[in-house]
Amino acid sequence: MPVFNLAYIAELIVLYSRKFAYALLLASFWVAIAGMWTSFVTAFGYFYDKINLFLNLYMSGSGGTSDSLISKMFGVLHCIGFVDAFNNTKAVFISAITFLLARILFTVTLSSYKYYINSIKPLVTD
């Protein structure tokens with residue numbers, strides 16, 4: 001008849017439960033990071049689309065009579081060449097904003113990773 005070492009079995013259960021908890025926390029961390037990145041990129045795309053729609057609407061001159069002040073403002077900007085300069089350098093602005101978004105995402109990811117590592121230290125160390 002085999003002899004079971006209950007202390008060794010309990011130690012294995014604790015060891016594997018720690019590994020399972022660590023894997024579960026790691027998976028939840030990466031899901032949270034992916035959700036954060038997705039929300040940031042979605043918000044960036046939404047605001048970029050709204051700003052682009054606004055600029056295209058008023059630069060085309062399709063505004064009504066109620067927004068004559070805004071139409072005059074864009075008319076003046078068009079006369080001094082701002083609209084053409086903005087259209088020529090739109091790619092530079094988009095790349096600068098994209099770089100800023102990536103920097104924000106990288107910083108937030110690093111700080112949340114630091115908090116995550118500090119929170120799971122009791123599970124990893126023996």
# chains A, B, ... in the order shown; residues from 1 in each chain; ligands from 1
$ closest_atom_pairs --of "stretch 15-76 of chain A" --to "stretch 102-120 of chain A" --cutoff "10 Å" --atoms "only C-alpha atoms" --output "CSV"
residue,atom,partner,partner_atom,distance
A:Ala21,CA,A:Ile120,CA,9.3
A:Tyr22,CA,A:Ile120,CA,7.3
A:Leu25,CA,A:Ile120,CA,8.0
A:Leu26,CA,A:Tyr116,CA,8.5
A:Phe29,CA,A:Tyr116,CA,7.4
A:Trp30,CA,A:Tyr113,CA,9.5
A:Ala32,CA,A:Ser112,CA,9.7
A:Ile33,CA,A:Thr109,CA,6.9
A:Ala34,CA,A:Thr109,CA,9.8
A:Met36,CA,A:Leu105,CA,8.4
A:Trp37,CA,A:Leu105,CA,6.7
A:Phe40,CA,A:Leu105,CA,7.9
A:Val41,CA,A:Ala102,CA,9.3
$ closest_residue --among "A:Leu6, A:Val14, A:Leu55, A:Ala27" --to "A:Asn87" --atoms "only C-alpha atoms"
A:Leu55
$ atom_distance --atom1 "atom CA of A:Phe4" --atom2 "atom CA of A:Leu24"
29.7 Å
$ residues_around --residues "A:Phe44" --least-positions-apart "4" --cutoff "10 Å" --atoms "only C-alpha atoms" --output "MDAnalysis selection string"
chainID A and resid 38:40 48:50 97:98 101
$ write_last_selection --atoms "N, CA and C atoms" --output "compact mmCIF listing (two decimals), in the first residue's frame"
# COMPACT_ATOMS: atom_id res chain seq x y z
N THR A 38 -6.93 50.45 -26.10
CA THR A 38 -8.05 50.53 -27.03
C THR A 38 -8.89 51.77 -26.78
N SER A 39 -9.14 52.07 -25.52
CA SER A 39 -9.94 53.26 -25.22
C SER A 39 -9.21 54.54 -25.61
N PHE A 40 -7.90 54.61 -25.36
CA PHE A 40 -7.15 55.80 -25.75
C PHE A 40 -7.14 55.99 -27.26
N TYR A 48 -10.17 63.13 -33.46
CA TYR A 48 -9.56 63.50 -34.73
C TYR A 48 -10.62 63.58 -35.83
N ASP A 49 -11.55 62.62 -35.84
CA ASP A 49 -12.61 62.63 -36.83
C ASP A 49 -13.51 63.85 -36.66
N LYS A 50 -13.85 64.20 -35.41
CA LYS A 50 -14.70 65.36 -35.18
C LYS A 50 -14.01 66.67 -35.57
N ILE A 97 0.74 64.36 -33.02
CA ILE A 97 -0.29 63.94 -32.07
C ILE A 97 -0.22 62.44 -31.84
N THR A 98 0.08 61.67 -32.89
CA THR A 98 0.22 60.23 -32.73
C THR A 98 1.42 59.89 -31.85
N LEU A 101 0.39 60.61 -28.31
CA LEU A 101 -0.47 59.53 -27.82
C LEU A 101 0.35 58.30 -27.46
$ atom_distance --atom1 "atom CA of A:Lys121" --atom2 "atom CA of A:Arg18"
11.2 Å
